[in-house]
file input_24.pdb (PDB, C-alpha atoms, pLDDT in the B column)
ATOM      1  CA  MET A   1      45.697 -21.243  -5.271  1.00 48.00           C
ATOM      2  CA  PRO A   2      46.551 -23.295  -8.394  1.00 46.00           C
ATOM      3  CA  SER A   3      49.904 -25.096  -8.134  1.00 46.00           C
ATOM      4  CA  GLY A   4      52.843 -23.853 -10.149  1.00 45.00           C
ATOM      5  CA  LYS A   5      51.655 -20.209 -10.216  1.00 44.00           C
ATOM      6  CA  LYS A   6      52.181 -17.646  -7.521  1.00 44.00           C
ATOM      7  CA  ARG A   7      49.784 -14.737  -6.901  1.00 43.00           C
ATOM      8  CA  GLY A   8      50.768 -11.752  -8.979  1.00 43.00           C
ATOM      9  CA  GLN A   9      52.979 -13.765 -11.307  1.00 45.00           C
ATOM     10  CA  GLY A  10      52.949 -12.436 -14.869  1.00 46.00           C
ATOM     11  CA  GLN A  11      51.322  -9.102 -13.835  1.00 47.00           C
ATOM     12  CA  ASN A  12      52.896  -5.763 -14.680  1.00 49.00           C
ATOM     13  CA  HIS A  13      53.333  -3.593 -11.581  1.00 48.00           C
ATOM     14  CA  PRO A  14      53.499   0.208 -11.888  1.00 47.00           C
ATOM     15  CA  ALA A  15      56.828   1.813 -11.190  1.00 48.00           C
ATOM     16  CA  PRO A  16      57.234   3.531  -7.779  1.00 48.00           C
ATOM     17  CA  ASP A  17      57.003   7.019  -9.322  1.00 55.00           C
ATOM     18  CA  VAL A  18      53.509   6.131 -10.662  1.00 47.00           C
ATOM     19  CA  TYR A  19      52.340   5.313  -7.114  1.00 48.00           C
ATOM     20  CA  GLU A  20      53.704   8.629  -5.865  1.00 60.00           C
ATOM     21  CA  GLU A  21      51.950  10.522  -8.659  1.00 61.00           C
ATOM     22  CA  GLU A  22      48.631   8.822  -7.896  1.00 59.00           C
ATOM     23  CA  GLU A  23      48.951   9.579  -4.175  1.00 62.00           C
ATOM     24  CA  ALA A  24      49.690  13.222  -4.927  1.00 62.00           C
ATOM     25  CA  GLU A  25      46.664  13.435  -7.224  1.00 63.00           C
ATOM     26  CA  PHE A  26      44.431  11.826  -4.601  1.00 57.00           C
ATOM     27  CA  SER A  27      45.682  14.264  -1.949  1.00 63.00           C
ATOM     28  CA  ARG A  28      44.901  17.220  -4.199  1.00 63.00           C
ATOM     29  CA  ALA A  29      41.393  15.899  -4.868  1.00 61.00           C
ATOM     30  CA  MET A  30      40.683  15.421  -1.155  1.00 57.00           C
ATOM     31  CA  GLN A  31      41.787  18.906  -0.081  1.00 63.00           C
ATOM     32  CA  GLY A  32      39.094  20.627   1.977  1.00 59.00           C
ATOM     33  CA  VAL A  33      37.166  17.418   2.607  1.00 56.00           C
ATOM     34  CA  ARG A  34      36.099  16.983   6.243  1.00 58.00           C
ATOM     35  CA  PRO A  35      34.539  13.934   7.935  1.00 53.00           C
ATOM     36  CA  VAL A  36      30.800  14.030   8.629  1.00 50.00           C
ATOM     37  CA  SER A  37      30.055  14.919  12.244  1.00 49.00           C
ATOM     38  CA  GLY A  38      28.301  12.486  14.557  1.00 47.00           C
ATOM     39  CA  GLY A  39      30.314   9.406  13.699  1.00 46.00           C
ATOM     40  CA  GLY A  40      28.765   9.164  10.246  1.00 42.00           C
ATOM     41  CA  ARG A  41      25.236   8.620  11.530  1.00 41.00           C
ATOM     42  CA  SER A  42      23.765  12.007  10.587  1.00 43.00           C
ATOM     43  CA  ILE A  43      22.985  12.838   6.965  1.00 39.00           C
ATOM     44  CA  PRO A  44      23.608  16.402   5.778  1.00 45.00           C
ATOM     45  CA  ALA A  45      20.485  18.370   4.847  1.00 47.00           C
ATOM     46  CA  ALA A  46      21.793  18.873   1.319  1.00 45.00           C
ATOM     47  CA  VAL A  47      22.032  15.115   0.849  1.00 39.00           C
ATOM     48  CA  LYS A  48      18.514  14.596   2.212  1.00 39.00           C
ATOM     49  CA  GLU A  49      17.160  17.234  -0.168  1.00 44.00           C
ATOM     50  CA  SER A  50      18.987  15.593  -3.055  1.00 44.00           C
ATOM     51  CA  VAL A  51      17.449  12.214  -2.168  1.00 37.00           C
ATOM     52  CA  ARG A  52      13.995  13.781  -1.963  1.00 43.00           C
ATOM     53  CA  ARG A  53      14.407  15.395  -5.361  1.00 48.00           C
ATOM     54  CA  GLU A  54      15.588  12.143  -6.920  1.00 45.00           C
ATOM     55  CA  ALA A  55      12.595  10.339  -5.410  1.00 39.00           C
ATOM     56  CA  ALA A  56      10.230  12.984  -6.794  1.00 42.00           C
ATOM     57  CA  VAL A  57      11.758  12.684 -10.268  1.00 42.00           C
ATOM     58  CA  GLU A  58      11.550   8.899 -10.098  1.00 41.00           C
ATOM     59  CA  SER A  59       7.913   9.123  -9.019  1.00 42.00           C
ATOM     60  CA  TRP A  60       7.107  11.470 -11.912  1.00 41.00           C
ATOM     61  CA  GLU A  61       8.916   9.290 -14.446  1.00 45.00           C
ATOM     62  CA  SER A  62       7.134   6.238 -13.083  1.00 43.00           C
ATOM     63  CA  LEU A  63       3.823   8.021 -13.549  1.00 42.00           C
ATOM     64  CA  LEU A  64       4.693   8.929 -17.135  1.00 43.00           C
ATOM     65  CA  ARG A  65       5.451   5.248 -17.789  1.00 45.00           C
ATOM     66  CA  GLY A  66       2.037   4.379 -16.381  1.00 48.00           C
ATOM     67  CA  GLY A  67       3.587   2.838 -13.270  1.00 51.00           C
ATOM     68  CA  LEU A  68       1.567   4.671 -10.602  1.00 57.00           C
ATOM     69  CA  GLU A  69      -1.892   3.460  -9.721  1.00 86.00           C
ATOM     70  CA  PHE A  70      -5.025   5.141  -8.400  1.00 92.00           C
ATOM     71  CA  ILE A  71      -6.757   4.069  -5.223  1.00 93.00           C
ATOM     72  CA  LEU A  72     -10.501   4.387  -5.810  1.00 93.00           C
ATOM     73  CA  GLU A  73     -13.585   4.598  -3.609  1.00 92.00           C
ATOM     74  CA  TYR A  74     -17.068   5.156  -4.961  1.00 86.00           C
ATOM     75  CA  SER A  75     -20.763   4.695  -4.386  1.00 89.00           C
ATOM     76  CA  GLU A  76     -23.934   6.062  -5.980  1.00 83.00           C
ATOM     77  CA  GLU A  77     -23.404   9.449  -4.336  1.00 87.00           C
ATOM     78  CA  TYR A  78     -19.636   9.641  -3.903  1.00 93.00           C
ATOM     79  CA  ILE A  79     -16.472   9.113  -5.938  1.00 94.00           C
ATOM     80  CA  GLU A  80     -12.867   9.485  -4.849  1.00 96.00           C
ATOM     81  CA  GLY A  81      -9.490   8.591  -6.293  1.00 96.00           C
ATOM     82  CA  HIS A  82      -5.879   9.447  -5.610  1.00 96.00           C
ATOM     83  CA  VAL A  83      -2.474   8.306  -6.756  1.00 94.00           C
ATOM     84  CA  LEU A  84      -0.697   5.821  -4.555  1.00 91.00           C
ATOM     85  CA  GLY A  85       1.543   7.637  -2.086  1.00 91.00           C
ATOM     86  CA  LEU A  86      -0.306  10.971  -2.054  1.00 94.00           C
ATOM     87  CA  ASP A  87       0.158  12.977   1.148  1.00 95.00           C
ATOM     88  CA  PRO A  88      -2.870  12.145   3.376  1.00 95.00           C
ATOM     89  CA  LEU A  89      -2.979  15.780   4.505  1.00 97.00           C
ATOM     90  CA  ALA A  90      -3.495  16.970   0.919  1.00 96.00           C
ATOM     91  CA  LEU A  91      -6.242  14.397   0.388  1.00 96.00           C
ATOM     92  CA  GLY A  92      -7.943  15.423   3.627  1.00 97.00           C
ATOM     93  CA  LYS A  93      -7.944  19.071   2.605  1.00 97.00           C
ATOM     94  CA  LEU A  94      -9.396  18.165  -0.792  1.00 98.00           C
ATOM     95  CA  ARG A  95     -12.203  16.157   0.826  1.00 97.00           C
ATOM     96  CA  ALA A  96     -12.987  19.021   3.181  1.00 97.00           C
ATOM     97  CA  GLY A  97     -13.189  21.531   0.338  1.00 97.00           C
ATOM     98  CA  GLN A  98     -10.313  23.551   1.781  1.00 97.00           C
ATOM     99  CA  TYR A  99      -8.743  24.161  -1.629  1.00 97.00           C
ATOM    100  CA  SER A 100     -10.508  27.070  -3.288  1.00 95.00           C
ATOM    101  CA  PRO A 101     -11.159  26.109  -6.938  1.00 97.00           C
ATOM    102  CA  GLU A 102      -9.024  28.257  -9.218  1.00 97.00           C
ATOM    103  CA  ALA A 103     -11.183  27.364 -12.226  1.00 98.00           C
ATOM    104  CA  HIS A 104     -14.318  25.368 -12.986  1.00 97.00           C
ATOM    105  CA  ILE A 105     -16.131  23.833 -15.919  1.00 98.00           C
ATOM    106  CA  ASP A 106     -19.810  22.951 -16.289  1.00 97.00           C
ATOM    107  CA  LEU A 107     -20.447  19.926 -18.515  1.00 95.00           C
ATOM    108  CA  HIS A 108     -24.247  20.082 -18.270  1.00 87.00           C
ATOM    109  CA  GLY A 109     -26.035  19.302 -21.536  1.00 86.00           C
ATOM    110  CA  MET A 110     -23.028  17.721 -23.250  1.00 91.00           C
ATOM    111  CA  ASN A 111     -22.943  14.212 -24.652  1.00 91.00           C
ATOM    112  CA  LEU A 112     -20.072  11.821 -23.928  1.00 92.00           C
ATOM    113  CA  GLU A 113     -17.867  12.930 -26.806  1.00 94.00           C
ATOM    114  CA  GLN A 114     -18.400  16.625 -26.142  1.00 95.00           C
ATOM    115  CA  GLY A 115     -17.937  16.215 -22.408  1.00 95.00           C
ATOM    116  CA  GLN A 116     -14.685  14.289 -22.713  1.00 95.00           C
ATOM    117  CA  ALA A 117     -13.236  16.778 -25.205  1.00 96.00           C
ATOM    118  CA  ALA A 118     -14.240  19.755 -23.065  1.00 97.00           C
ATOM    119  CA  LEU A 119     -12.825  18.142 -19.923  1.00 97.00           C
ATOM    120  CA  MET A 120      -9.547  17.375 -21.700  1.00 96.00           C
ATOM    121  CA  ASP A 121      -9.133  20.973 -22.870  1.00 97.00           C
ATOM    122  CA  PHE A 122     -10.091  22.351 -19.477  1.00 98.00           C
ATOM    123  CA  ILE A 123      -7.621  20.224 -17.504  1.00 97.00           C
ATOM    124  CA  ARG A 124      -4.821  20.756 -20.018  1.00 96.00           C
ATOM    125  CA  ASN A 125      -5.222  24.542 -19.833  1.00 96.00           C
ATOM    126  CA  ALA A 126      -5.483  24.528 -16.041  1.00 97.00           C
ATOM    127  CA  TYR A 127      -2.370  22.367 -15.731  1.00 96.00           C
ATOM    128  CA  ILE A 128      -0.297  24.499 -18.112  1.00 94.00           C
ATOM    129  CA  GLN A 129      -1.393  27.660 -16.288  1.00 95.00           C
ATOM    130  CA  GLY A 130      -0.194  26.191 -13.000  1.00 95.00           C
ATOM    131  CA  GLN A 131      -3.629  25.856 -11.411  1.00 97.00           C
ATOM    132  CA  ARG A 132      -3.734  23.115  -8.792  1.00 97.00           C
ATOM    133  CA  ALA A 133      -7.340  22.947  -7.543  1.00 98.00           C
ATOM    134  CA  VAL A 134     -10.246  22.959  -9.995  1.00 98.00           C
ATOM    135  CA  LEU A 135     -13.928  22.031  -9.996  1.00 98.00           C
ATOM    136  CA  VAL A 136     -15.746  19.916 -12.580  1.00 98.00           C
ATOM    137  CA  VAL A 137     -19.559  20.095 -12.596  1.00 96.00           C
ATOM    138  CA  THR A 138     -21.271  17.130 -14.218  1.00 93.00           C
ATOM    139  CA  GLY A 139     -24.717  17.272 -12.639  1.00 87.00           C
ATOM    140  CA  ARG A 140     -26.352  14.377 -10.845  1.00 80.00           C
ATOM    141  CA  GLY A 141     -28.253  13.089 -13.860  1.00 67.00           C
ATOM    142  CA  ARG A 142     -31.692  13.201 -12.251  1.00 60.00           C
ATOM    143  CA  ASN A 143     -33.237  14.123 -15.597  1.00 61.00           C
ATOM    144  CA  SER A 144     -31.523  11.241 -17.394  1.00 59.00           C
ATOM    145  CA  PRO A 145     -33.681   8.259 -18.459  1.00 54.00           C
ATOM    146  CA  ASP A 146     -32.119   5.947 -15.875  1.00 53.00           C
ATOM    147  CA  GLY A 147     -31.588   8.641 -13.251  1.00 51.00           C
ATOM    148  CA  GLN A 148     -27.808   8.370 -13.595  1.00 57.00           C
ATOM    149  CA  GLY A 149     -25.690  11.077 -15.169  1.00 74.00           C
ATOM    150  CA  VAL A 150     -23.838   9.748 -18.217  1.00 84.00           C
ATOM    151  CA  LEU A 151     -20.894  12.131 -17.781  1.00 90.00           C
ATOM    152  CA  ARG A 152     -20.702  11.536 -14.044  1.00 85.00           C
ATOM    153  CA  ALA A 153     -20.536   7.789 -14.624  1.00 83.00           C
ATOM    154  CA  HIS A 154     -17.592   8.119 -17.023  1.00 93.00           C
ATOM    155  CA  LEU A 155     -15.657  10.838 -15.202  1.00 94.00           C
ATOM    156  CA  ARG A 156     -13.799   8.403 -12.937  1.00 92.00           C
ATOM    157  CA  ASP A 157     -12.512   6.424 -15.915  1.00 93.00           C
ATOM    158  CA  TRP A 158     -11.410   9.540 -17.796  1.00 95.00           C
ATOM    159  CA  LEU A 159      -9.455  10.857 -14.817  1.00 96.00           C
ATOM    160  CA  THR A 160      -7.602   7.599 -14.178  1.00 93.00           C
ATOM    161  CA  ARG A 161      -6.532   6.872 -17.762  1.00 92.00           C
ATOM    162  CA  ASP A 162      -4.143   8.516 -20.200  1.00 91.00           C
ATOM    163  CA  PRO A 163      -3.613  11.338 -20.644  1.00 92.00           C
ATOM    164  CA  LEU A 164      -5.427  12.833 -17.638  1.00 94.00           C
ATOM    165  CA  LYS A 165      -3.954  10.419 -15.100  1.00 92.00           C
ATOM    166  CA  ARG A 166      -0.565  11.986 -15.793  1.00 91.00           C
ATOM    167  CA  VAL A 167      -1.599  15.329 -14.322  1.00 94.00           C
ATOM    168  CA  VAL A 168      -4.404  14.472 -11.858  1.00 96.00           C
ATOM    169  CA  GLN A 169      -3.219  13.677  -8.346  1.00 96.00           C
ATOM    170  CA  ALA A 170      -6.587  13.266  -6.678  1.00 98.00           C
ATOM    171  CA  PHE A 171     -10.309  13.848  -7.070  1.00 98.00           C
ATOM    172  CA  CYS A 172     -13.392  13.529  -4.908  1.00 98.00           C
ATOM    173  CA  THR A 173     -17.049  14.502  -4.777  1.00 97.00           C
ATOM    174  CA  ALA A 174     -17.476  18.164  -3.871  1.00 97.00           C
ATOM    175  CA  ARG A 175     -18.988  19.557  -0.702  1.00 97.00           C
ATOM    176  CA  PRO A 176     -22.669  20.642  -0.901  1.00 96.00           C
ATOM    177  CA  LYS A 177     -21.704  24.318  -1.187  1.00 95.00           C
ATOM    178  CA  ASP A 178     -19.797  23.527  -4.403  1.00 96.00           C
ATOM    179  CA  GLY A 179     -22.322  21.207  -6.014  1.00 94.00           C
ATOM    180  CA  GLY A 180     -22.295  18.068  -3.875  1.00 95.00           C
ATOM    181  CA  ALA A 181     -22.739  14.808  -5.770  1.00 92.00           C
ATOM    182  CA  GLY A 182     -23.066  16.707  -9.044  1.00 93.00           C
ATOM    183  CA  ALA A 183     -19.533  18.119  -8.896  1.00 96.00           C
ATOM    184  CA  VAL A 184     -15.984  16.891  -8.324  1.00 98.00           C
ATOM    185  CA  TYR A 185     -12.871  18.539  -6.889  1.00 98.00           C
ATOM    186  CA  LEU A 186      -9.624  17.867  -8.757  1.00 98.00           C
ATOM    187  CA  LEU A 187      -6.103  18.300  -7.413  1.00 98.00           C
ATOM    188  CA  LEU A 188      -3.610  18.664 -10.254  1.00 97.00           C
ATOM    189  CA  ARG A 189       0.130  18.160 -10.276  1.00 95.00           C
ATOM    190  CA  LYS A 190       2.515  21.078 -10.482  1.00 92.00           C
ATOM    191  CA  TYR A 191       3.329  21.949 -14.054  1.00 91.00           C
ATOM    192  CA  LYS A 192       6.773  20.617 -15.027  1.00 82.00           C
ATOM    193  CA  LYS A 193       7.727  21.822 -18.479  1.00 75.00           C
ATOM    194  CA  ARG A 194      10.863  19.707 -18.725  1.00 62.00           C
ATOM    195  CA  ARG A 195       9.547  16.430 -17.356  1.00 57.00           C
ATOM    196  CA  GLY A 196       8.109  14.194 -19.991  1.00 62.00           C
ATOM    197  CA  LYS A 197       5.732  14.896 -22.844  1.00 73.00           C
ATOM    198  CA  ILE A 198       2.033  14.351 -22.401  1.00 81.00           C
ATOM    199  CA  ARG A 199       0.026  13.409 -25.494  1.00 81.00           C
ATOM    200  CA  TRP A 200      -3.325  15.109 -25.122  1.00 81.00           C
ATOM    201  CA  ASN A 201      -4.883  13.897 -28.378  1.00 69.00           C
TER     202      ASN A 201
END
call {"tool": "encode", "arguments": {"input": "input_24.pdb", "output": "structure tokens"}}
result
Amino acid sequence: MPSGKKRGQGQNHPAPDVYEEEEAEFSRAMQGVRPVSGGGRSIPAAVKESVRREAAVESWESLLRGGLEFILEYSEEYIEGHVLGLDPLALGKLRAGQYSPEAHIDLHGMNLEQGQAALMDFIRNAYIQGQRAVLVVTGRGRNSPDGQGVLRAHLRDWLTRDPLKRVVQAFCTARPKDGGAGAVYLLLRKYKKRRGKIRWN
């Protein structure tokens, strides 16, 4: 402590009646409050739910800022992508074709510009209508000059870039009954009207 000055010197202390008033106000504010059971180790369910909701909001806002990334796997016959942190159970069900497509679009015969525009409109409408699982048919491109479908080759990039990456949670090549290598399952996010604005153009 510096010499020549005592702790508290020069400070204005509240009068005793101010202390009493503050204590009374604190007591009124704490009425009905009870200690958490279990020595403070257990967390009330309401608090856990609140934390989960905050985490979900933070995850959504991070996605809207472009913060979330896709994990990709692909080969000549298979493509797959999902946002980091997606529930493995949901991804497994998508791979197994256990989500019945609520809508589908066939992009056969379209060029790149037409295909991208049609895909954009399709996903936007599906998302706004609250549809979660949809099917996109691109074809395998066997009739293309190089044997590779132009739309199929670009689909992965479209789905993992703005604006589609903001609503697509996961995608993967469909099962044979739904088109196999010429089709892709999409798992969309739940529609949240109040969370962020997506620019579709």
call {"tool": "atom_distance", "arguments": {"input": "input_24.pdb", "atom1": "atom CA of Ala118 of chain A", "atom2": "atom CA of Trp200 of chain A"}}
result
12.0 Å
call {"tool": "atom_distance", "arguments": {"input": "input_24.pdb", "atom1": "atom CA of Gly182 of chain A", "atom2": "atom CA of Arg140 of chain A"}}
result
4.4 Å
call {"tool": "residues_around", "arguments": {"input": "input_24.pdb", "residues": "segment 119-129 of chain A", "least_positions_apart": "6", "cutoff": "12 Å", "atoms": "all atoms listed in the file", "output": "PyMOL selection string"}}
result
chain A and resi 101-108+110-113+135-138+151-152+154-155+158-159+161-169+185-193+198-201
call {"tool": "closest_residue", "arguments": {"input": "input_24.pdb", "among": "A:Gln116, A:Gln131, A:Gly97, A:Leu84", "to": "Gly179 of chain A", "atoms": "only C-alpha atoms"}}
result
A:Gly97
call {"tool": "resolve_selection", "arguments": {"input": "input_24.pdb", "expression": "the PyMOL selection byres ((chain A and resi 79-82) around 9)", "output": "VMD selection string"}}
result
chain A and resid 69 to 78 83 to 86 91 95 156 159 to 160 168 to 173 181 184
call {"tool": "atom_distance", "arguments": {"input": "input_24.pdb", "atom1": "atom CA of Ala90 of chain A", "atom2": "atom CA of Lys197 of chain A"}}
result
25.6 Å
